[in-house]
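Following: one structure in structure tokens, then a few remarks.
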Amino acid sequence: MDISKDDSLLPNPLSDKSTITGLYKKLGVLTGGLSLALQIKKLIFLLILFPVLVSVFKFLIPTALAFIGTQLVASLISIYLTYAQTRAIANIISGSETERMKYLAVQGTYYELLSILAHAIFGVVWLYLFLHFFQSDTQVSLGMLRSALSGFNVFIVAFVAFMLFDFFIQLVEFNLLKKFDTAYNIAEFTQRLQILSQKIDLFRSGVLSVSLLFCFYVIRVPFLFIMIGGSVMTLFFLLSWITLRRVARVNLAVRTPTEPIFISIVPGEKIIDAVFGILNQKSWGYSFLGSGKFSKPENALLITDHRMLFVQVPMPGGDKMVSGTVNMEDNFFWNR
């Protein structure tokens with residue numbers, strides 16, 4: 001069996017043709033197919049549920065159509081978006097690793113944006129139909145229903161505001177990703193993606209934390225609990241900000257020596273072979289607040305007629321670890 005081939009369901013890490021974007025592509029297609037299967041099962045369940053609601057639970061046909069119909073349309077749109085995203089991932093562009101990584105990130109954010117928009121629209125439509133048909137079926141006046149829901153006005157407004165805020169955040173992230181420069185190595189580009197994601201999460205968590213504390217104040221939660229909650233949120237915000245700063249400071253450029261490096265050899269010693277792509281099983285690493293490094297970063301082997309020499313060939317990211325990404329292992333498996 002030729003281990004250099006890469007025609008399996010998942011990329012072969014022993015193949016010099018396997019790449020990290022190839023892994024992401026095949027994982028995206030696989031998860032997209034599984035998601036489609038689950039959504040089709042949900043669609044079949046909704047089709048079966050309609051006669052059950054009418055015949056067993058005695059729902060009026062217009063009411064059952066309103067409930068099931070909106071869910072069916074939402075499911076069909078969700079299936080279409082999943083199918084379109086899976087096709088986009090399968091048809092990934094050719095180019096450098098950073099260009100392909102940018103393509104995957106932009107496509108993922110784009111379809112997430114469409115999904116948020118679809119959920120927001122159908123949430124409003126479903127709520128309207130619920131209020132209308134609930135009144136018709138149960139003979140409860142709309143005024144009584146609104147009176148019963150009056151205590152939840154703040155939460156309803158907060159939910160709508162959150163959906164709009166989430167849509168705005170995804171739109172900003174999508175536009176920033178489209179402008180990303182790809183003139184970096186794969187480790188640096190992944191770091192830039194992580195920095196953008198952490199900035200977005202930091203802004204989102206800050207706004208939501210302040211909004212939550214304001215809601216607590218409006219509903220008259222005891223001030224002591226608000227202070228404790230605010231202190232905990234502030235602590236997590238500061239830790240996230242420090243993590244972001246530490247991640248941004250890591251230099252992942254390929255560092256090549258400015259002067260030749262000479263290896264001492266014994267008289268008459270000759271280099272027989274060189275092997276790239278090794279990983280020391282005794283290496284260990286650490287990470288603190290987003291950044292760290294690994295020991296024993298040697299990734300190549302020089303074989304002479306007297307001995308074996310372990311050396312480190314400059315690669316993207318080197319021995320650095322950033323936001324959980326171990327560049328030494330990525331280079332071993334996917335940048336051969």
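Following the order of the structure tokens, first chain is A, next is B, and so on, with residues numbered from 1 inside each chain and ligands from 1 in the order they appear.
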- prompt: Using the chain letters and numbers from this document, which residues of stretch 86-297 of chain A does DSSP assign to helix (DSSP H, G or I), as an MDAnalysis selection string?
  reply: chainID A and resid 86:90 97:138 142:178 186:218 223:249
Write out as a compact mmCIF listing (two decimals) with all heavy atoms, in the first residue's frame the residues lying within 12 Å of A:Ile77, counting only C-alpha atoms and excluding same-chain residues fewer than 3 positions away.
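See around.txt below for the written result:
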```txt
# COMPACT_ATOMS: atom_id res chain seq x y z
N LEU A 36 -27.22 17.26 7.17
CA LEU A 36 -28.32 17.12 6.21
C LEU A 36 -29.20 15.93 6.54
O LEU A 36 -30.44 16.01 6.47
CB LEU A 36 -27.75 16.98 4.79
CG LEU A 36 -27.38 18.27 4.07
CD1 LEU A 36 -26.72 17.95 2.73
CD2 LEU A 36 -28.60 19.14 3.85
N GLN A 39 -31.42 16.82 9.48
CA GLN A 39 -32.46 17.77 9.13
C GLN A 39 -33.55 17.12 8.27
O GLN A 39 -34.73 17.48 8.40
CB GLN A 39 -31.83 18.95 8.38
CG GLN A 39 -30.96 19.82 9.27
CD GLN A 39 -30.20 20.89 8.50
OE1 GLN A 39 -30.42 21.06 7.32
NE2 GLN A 39 -29.29 21.57 9.16
N ILE A 40 -33.19 16.18 7.41
CA ILE A 40 -34.19 15.46 6.62
C ILE A 40 -35.06 14.59 7.54
O ILE A 40 -36.28 14.49 7.34
CB ILE A 40 -33.51 14.62 5.53
CG1 ILE A 40 -32.88 15.56 4.48
CG2 ILE A 40 -34.49 13.67 4.86
CD1 ILE A 40 -32.04 14.85 3.45
N LEU A 43 -37.57 16.82 9.03
CA LEU A 43 -38.60 17.15 8.04
C LEU A 43 -39.65 16.05 7.96
O LEU A 43 -40.86 16.32 7.94
CB LEU A 43 -37.94 17.38 6.68
CG LEU A 43 -38.80 17.99 5.58
CD1 LEU A 43 -39.17 19.43 5.93
CD2 LEU A 43 -38.06 17.94 4.25
N THR A 70 -44.84 26.68 9.25
CA THR A 70 -43.67 27.53 9.49
C THR A 70 -42.44 26.70 9.79
O THR A 70 -41.33 27.01 9.33
CB THR A 70 -43.95 28.50 10.64
OG1 THR A 70 -44.40 27.75 11.79
CG2 THR A 70 -44.99 29.52 10.27
N GLN A 71 -42.61 25.61 10.55
CA GLN A 71 -41.47 24.75 10.85
C GLN A 71 -40.96 24.04 9.59
O GLN A 71 -39.75 23.84 9.43
CB GLN A 71 -41.87 23.72 11.91
CG GLN A 71 -42.15 24.30 13.28
CD GLN A 71 -40.92 24.96 13.88
OE1 GLN A 71 -39.83 24.42 13.83
NE2 GLN A 71 -41.10 26.13 14.46
N LEU A 72 -41.87 23.64 8.72
CA LEU A 72 -41.47 22.99 7.47
C LEU A 72 -40.67 23.94 6.59
O LEU A 72 -39.63 23.56 6.04
CB LEU A 72 -42.71 22.49 6.71
CG LEU A 72 -43.36 21.20 7.21
CD1 LEU A 72 -44.64 20.92 6.44
CD2 LEU A 72 -42.40 20.02 7.06
N VAL A 73 -41.16 25.17 6.46
CA VAL A 73 -40.44 26.15 5.64
C VAL A 73 -39.06 26.45 6.24
O VAL A 73 -38.05 26.51 5.53
CB VAL A 73 -41.26 27.45 5.50
CG1 VAL A 73 -40.46 28.52 4.76
CG2 VAL A 73 -42.56 27.17 4.75
N ALA A 74 -39.02 26.60 7.57
CA ALA A 74 -37.74 26.85 8.24
C ALA A 74 -36.79 25.67 8.03
O ALA A 74 -35.58 25.87 7.80
CB ALA A 74 -37.97 27.09 9.73
N TYR A 80 -31.42 23.77 2.74
CA TYR A 80 -30.79 24.42 1.59
C TYR A 80 -29.47 25.09 1.98
O TYR A 80 -28.47 24.97 1.27
CB TYR A 80 -31.74 25.46 0.98
CG TYR A 80 -31.05 26.33 -0.04
CD1 TYR A 80 -30.77 25.83 -1.31
CD2 TYR A 80 -30.66 27.63 0.27
CE1 TYR A 80 -30.11 26.62 -2.25
CE2 TYR A 80 -30.01 28.42 -0.66
CZ TYR A 80 -29.73 27.92 -1.92
OH TYR A 80 -29.08 28.70 -2.83
N LEU A 81 -29.48 25.81 3.12
CA LEU A 81 -28.26 26.50 3.56
C LEU A 81 -27.15 25.50 3.87
O LEU A 81 -25.98 25.72 3.52
CB LEU A 81 -28.56 27.36 4.78
CG LEU A 81 -29.44 28.60 4.55
CD1 LEU A 81 -29.69 29.33 5.86
CD2 LEU A 81 -28.80 29.54 3.54
N THR A 82 -27.50 24.39 4.53
CA THR A 82 -26.49 23.37 4.83
C THR A 82 -25.94 22.76 3.56
O THR A 82 -24.72 22.53 3.42
CB THR A 82 -27.10 22.27 5.73
OG1 THR A 82 -27.62 22.86 6.91
CG2 THR A 82 -26.05 21.24 6.11
N TYR A 83 -26.83 22.46 2.60
CA TYR A 83 -26.40 21.89 1.32
C TYR A 83 -25.49 22.87 0.56
O TYR A 83 -24.44 22.48 0.03
CB TYR A 83 -27.62 21.55 0.47
CG TYR A 83 -27.29 21.12 -0.94
CD1 TYR A 83 -26.74 19.87 -1.20
CD2 TYR A 83 -27.51 21.99 -2.01
CE1 TYR A 83 -26.42 19.48 -2.50
CE2 TYR A 83 -27.20 21.61 -3.31
CZ TYR A 83 -26.66 20.36 -3.55
OH TYR A 83 -26.35 19.99 -4.83
N ALA A 84 -25.89 24.15 0.52
CA ALA A 84 -25.09 25.14 -0.19
C ALA A 84 -23.72 25.32 0.46
O ALA A 84 -22.69 25.44 -0.23
CB ALA A 84 -25.84 26.47 -0.23
N TYR A 111 -22.54 31.76 5.72
CA TYR A 111 -23.72 30.91 5.93
C TYR A 111 -24.24 30.99 7.36
O TYR A 111 -25.43 30.80 7.61
CB TYR A 111 -23.41 29.47 5.52
CG TYR A 111 -23.37 29.32 4.01
CD1 TYR A 111 -22.17 29.25 3.33
CD2 TYR A 111 -24.54 29.28 3.27
CE1 TYR A 111 -22.13 29.14 1.95
CE2 TYR A 111 -24.51 29.17 1.89
CZ TYR A 111 -23.30 29.09 1.23
OH TYR A 111 -23.28 28.99 -0.14
N LEU A 114 -26.48 34.04 7.22
CA LEU A 114 -27.79 33.72 6.63
C LEU A 114 -28.65 32.92 7.58
O LEU A 114 -29.87 33.11 7.66
CB LEU A 114 -27.58 32.94 5.32
CG LEU A 114 -26.93 33.70 4.17
CD1 LEU A 114 -26.82 32.79 2.95
CD2 LEU A 114 -27.70 34.96 3.82
N SER A 115 -28.03 32.01 8.34
CA SER A 115 -28.78 31.20 9.29
C SER A 115 -29.38 32.05 10.41
O SER A 115 -30.54 31.86 10.80
CB SER A 115 -27.87 30.11 9.88
OG SER A 115 -28.54 29.33 10.83
N ILE A 116 -28.60 33.00 10.93
CA ILE A 116 -29.10 33.90 11.98
C ILE A 116 -30.28 34.71 11.45
O ILE A 116 -31.30 34.88 12.13
CB ILE A 116 -27.98 34.82 12.48
CG1 ILE A 116 -26.93 34.01 13.25
CG2 ILE A 116 -28.53 35.93 13.37
CD1 ILE A 116 -25.72 34.82 13.64
N LEU A 117 -30.15 35.22 10.22
CA LEU A 117 -31.22 36.03 9.63
C LEU A 117 -32.50 35.20 9.46
O LEU A 117 -33.59 35.66 9.79
CB LEU A 117 -30.75 36.57 8.28
CG LEU A 117 -31.74 37.48 7.53
CD1 LEU A 117 -32.05 38.73 8.36
CD2 LEU A 117 -31.17 37.87 6.17
N ALA A 118 -32.35 33.96 8.98
CA ALA A 118 -33.53 33.11 8.78
C ALA A 118 -34.20 32.78 10.10
O ALA A 118 -35.44 32.81 10.22
CB ALA A 118 -33.11 31.82 8.07
N HIS A 119 -33.41 32.47 11.14
CA HIS A 119 -33.99 32.15 12.45
C HIS A 119 -34.71 33.36 13.04
O HIS A 119 -35.77 33.21 13.67
CB HIS A 119 -32.89 31.68 13.41
CG HIS A 119 -32.51 30.25 13.23
ND1 HIS A 119 -31.54 29.84 12.34
CD2 HIS A 119 -32.98 29.11 13.81
CE1 HIS A 119 -31.42 28.53 12.39
NE2 HIS A 119 -32.28 28.06 13.26
N ILE A 121 -36.19 35.88 11.37
CA ILE A 121 -37.43 36.13 10.64
C ILE A 121 -38.50 35.11 11.01
O ILE A 121 -39.66 35.47 11.31
CB ILE A 121 -37.16 36.10 9.12
CG1 ILE A 121 -36.29 37.29 8.72
CG2 ILE A 121 -38.48 36.11 8.33
CD1 ILE A 121 -35.85 37.27 7.28
N PHE A 122 -38.13 33.82 11.04
CA PHE A 122 -39.13 32.81 11.35
C PHE A 122 -39.52 32.81 12.82
O PHE A 122 -40.61 32.37 13.16
CB PHE A 122 -38.63 31.43 10.92
CG PHE A 122 -38.86 31.15 9.46
CD1 PHE A 122 -37.87 31.39 8.54
CD2 PHE A 122 -40.09 30.70 9.02
CE1 PHE A 122 -38.08 31.17 7.19
CE2 PHE A 122 -40.32 30.47 7.67
CZ PHE A 122 -39.32 30.71 6.75
```
query: Got a sec: who's within 10 Å of A:Leu46, counting only C-alpha atoms, leaving out chain neighbours fewer than 5 positions off, as a ChimeraX atom specification?
result: /A:40-41,51-52,67-69,71-72,75
Selected residues written out, all heavy atoms, as an mmCIF file, in the first residue's frame:
```cif
data_model
loop_
_atom_site.group_PDB
_atom_site.id
_atom_site.type_symbol
_atom_site.label_atom_id
_atom_site.label_comp_id
_atom_site.auth_asym_id
_atom_site.auth_seq_id
_atom_site.Cartn_x
_atom_site.Cartn_y
_atom_site.Cartn_z
ATOM 1 N N ILE A 40 -33.187 16.182 7.413
ATOM 2 C CA ILE A 40 -34.193 15.459 6.622
ATOM 3 C C ILE A 40 -35.060 14.593 7.535
ATOM 4 O O ILE A 40 -36.282 14.488 7.345
ATOM 5 C CB ILE A 40 -33.505 14.623 5.533
ATOM 6 C CG1 ILE A 40 -32.878 15.555 4.476
ATOM 7 C CG2 ILE A 40 -34.494 13.669 4.863
ATOM 8 C CD1 ILE A 40 -32.045 14.851 3.448
ATOM 9 N N LYS A 41 -34.466 13.986 8.556
ATOM 10 C CA LYS A 41 -35.248 13.226 9.533
ATOM 11 C C LYS A 41 -36.237 14.130 10.256
ATOM 12 O O LYS A 41 -37.389 13.746 10.502
ATOM 13 C CB LYS A 41 -34.309 12.545 10.533
ATOM 14 C CG LYS A 41 -33.532 11.362 9.968
ATOM 15 C CD LYS A 41 -32.550 10.802 10.986
ATOM 16 C CE LYS A 41 -33.253 10.276 12.217
ATOM 17 N NZ LYS A 41 -32.305 9.666 13.176
ATOM 18 N N PRO A 51 -50.812 15.143 10.765
ATOM 19 C CA PRO A 51 -52.060 14.397 10.980
ATOM 20 C C PRO A 51 -52.268 13.990 12.431
ATOM 21 O O PRO A 51 -53.413 13.849 12.886
ATOM 22 C CB PRO A 51 -51.912 13.176 10.072
ATOM 23 C CG PRO A 51 -50.456 13.045 9.823
ATOM 24 C CD PRO A 51 -49.901 14.429 9.842
ATOM 25 N N VAL A 52 -51.169 13.821 13.182
ATOM 26 C CA VAL A 52 -51.304 13.473 14.600
ATOM 27 C C VAL A 52 -51.941 14.627 15.376
ATOM 28 O O VAL A 52 -52.827 14.422 16.212
ATOM 29 C CB VAL A 52 -49.932 13.098 15.190
ATOM 30 C CG1 VAL A 52 -50.028 12.901 16.706
ATOM 31 C CG2 VAL A 52 -49.388 11.844 14.526
ATOM 32 N N PHE A 67 -48.579 26.043 12.680
ATOM 33 C CA PHE A 67 -47.447 25.544 13.466
ATOM 34 C C PHE A 67 -46.489 24.722 12.608
ATOM 35 O O PHE A 67 -45.284 24.973 12.581
ATOM 36 C CB PHE A 67 -47.953 24.696 14.641
ATOM 37 C CG PHE A 67 -48.466 25.504 15.790
ATOM 38 C CD1 PHE A 67 -49.807 25.509 16.127
ATOM 39 C CD2 PHE A 67 -47.600 26.284 16.551
ATOM 40 C CE1 PHE A 67 -50.285 26.265 17.179
ATOM 41 C CE2 PHE A 67 -48.065 27.032 17.608
ATOM 42 C CZ PHE A 67 -49.412 27.035 17.926
ATOM 43 N N ILE A 68 -47.044 23.715 11.907
ATOM 44 C CA ILE A 68 -46.198 22.802 11.142
ATOM 45 C C ILE A 68 -45.651 23.477 9.889
ATOM 46 O O ILE A 68 -44.496 23.259 9.506
ATOM 47 C CB ILE A 68 -46.989 21.528 10.760
ATOM 48 C CG1 ILE A 68 -47.510 20.842 12.022
ATOM 49 C CG2 ILE A 68 -46.115 20.573 9.967
ATOM 50 C CD1 ILE A 68 -46.424 20.409 12.979
ATOM 51 N N GLY A 69 -46.490 24.328 9.252
ATOM 52 C CA GLY A 69 -46.056 24.971 8.009
ATOM 53 C C GLY A 69 -44.833 25.844 8.186
ATOM 54 O O GLY A 69 -43.887 25.776 7.399
ATOM 55 N N GLN A 71 -42.605 25.610 10.547
ATOM 56 C CA GLN A 71 -41.471 24.752 10.848
ATOM 57 C C GLN A 71 -40.958 24.037 9.594
ATOM 58 O O GLN A 71 -39.749 23.844 9.426
ATOM 59 C CB GLN A 71 -41.870 23.717 11.910
ATOM 60 C CG GLN A 71 -42.148 24.301 13.280
ATOM 61 C CD GLN A 71 -40.925 24.960 13.884
ATOM 62 O OE1 GLN A 71 -39.826 24.418 13.826
ATOM 63 N NE2 GLN A 71 -41.100 26.130 14.458
ATOM 64 N N LEU A 72 -41.874 23.641 8.722
ATOM 65 C CA LEU A 72 -41.472 22.987 7.472
ATOM 66 C C LEU A 72 -40.667 23.941 6.589
ATOM 67 O O LEU A 72 -39.628 23.559 6.037
ATOM 68 C CB LEU A 72 -42.709 22.485 6.710
ATOM 69 C CG LEU A 72 -43.358 21.204 7.205
ATOM 70 C CD1 LEU A 72 -44.643 20.924 6.443
ATOM 71 C CD2 LEU A 72 -42.397 20.022 7.059
ATOM 72 N N SER A 75 -37.307 24.437 8.105
ATOM 73 C CA SER A 75 -36.465 23.257 7.904
ATOM 74 C C SER A 75 -35.946 23.179 6.477
ATOM 75 O O SER A 75 -34.781 22.831 6.243
ATOM 76 C CB SER A 75 -37.250 21.985 8.240
ATOM 77 O OG SER A 75 -37.596 21.957 9.606
#
```
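Computed from the coordinates, the atom CA of A:Leu76 to atom CA of A:Val160 distance equals 23.3 Å.
The spacing separating atom CA of A:Gly290 from atom CA of A:Val247 amounts to 5.7 Å.
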query: Residues at most 8 Å from A:Asn280, counting only C-alpha atoms, excluding those fewer than 4 positions away in the same chain, as a ChimeraX atom specification?
result: /A:296-299
Would you mind exporting the chosen residues as a PDB file, in the first residue's frame, restricted to all heavy atoms?
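Written out: selection.pdb:
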```
ATOM      1  N   LYS A 296      11.988  20.270  22.906  1.00  0.00           N
ATOM      2  CA  LYS A 296      12.509  19.336  21.904  1.00  0.00           C
ATOM      3  C   LYS A 296      11.846  19.553  20.543  1.00  0.00           C
ATOM      4  O   LYS A 296      11.115  18.702  20.032  1.00  0.00           O
ATOM      5  CB  LYS A 296      12.317  17.887  22.369  1.00  0.00           C
ATOM      6  CG  LYS A 296      12.926  17.592  23.729  1.00  0.00           C
ATOM      7  CD  LYS A 296      12.765  16.142  24.099  1.00  0.00           C
ATOM      8  CE  LYS A 296      13.257  15.872  25.519  1.00  0.00           C
ATOM      9  NZ  LYS A 296      14.662  16.231  25.724  1.00  0.00           N
ATOM     10  N   PRO A 297      12.099  20.724  19.914  1.00  0.00           N
ATOM     11  CA  PRO A 297      11.408  21.059  18.660  1.00  0.00           C
ATOM     12  C   PRO A 297      12.049  20.466  17.407  1.00  0.00           C
ATOM     13  O   PRO A 297      11.629  20.798  16.303  1.00  0.00           O
ATOM     14  CB  PRO A 297      11.499  22.584  18.639  1.00  0.00           C
ATOM     15  CG  PRO A 297      12.808  22.882  19.312  1.00  0.00           C
ATOM     16  CD  PRO A 297      12.963  21.822  20.383  1.00  0.00           C
ATOM     17  N   GLU A 298      13.052  19.592  17.562  1.00  0.00           N
ATOM     18  CA  GLU A 298      13.727  19.045  16.383  1.00  0.00           C
ATOM     19  C   GLU A 298      12.728  18.308  15.491  1.00  0.00           C
ATOM     20  O   GLU A 298      11.923  17.512  15.972  1.00  0.00           O
ATOM     21  CB  GLU A 298      14.843  18.091  16.805  1.00  0.00           C
ATOM     22  CG  GLU A 298      16.008  18.754  17.530  1.00  0.00           C
ATOM     23  CD  GLU A 298      15.717  19.013  18.992  1.00  0.00           C
ATOM     24  OE1 GLU A 298      14.711  18.463  19.484  1.00  0.00           O
ATOM     25  OE2 GLU A 298      16.478  19.754  19.632  1.00  0.00           O
ATOM     26  N   ASN A 299      12.783  18.601  14.199  1.00  0.00           N
ATOM     27  CA  ASN A 299      11.828  18.005  13.265  1.00  0.00           C
ATOM     28  C   ASN A 299      12.483  17.305  12.077  1.00  0.00           C
ATOM     29  O   ASN A 299      11.802  16.903  11.138  1.00  0.00           O
ATOM     30  CB  ASN A 299      10.860  19.075  12.740  1.00  0.00           C
ATOM     31  CG  ASN A 299      11.580  20.253  12.108  1.00  0.00           C
ATOM     32  OD1 ASN A 299      12.773  20.185  11.810  1.00  0.00           O
ATOM     33  ND2 ASN A 299      10.857  21.338  11.906  1.00  0.00           N
TER      34      ASN A 299
END
```
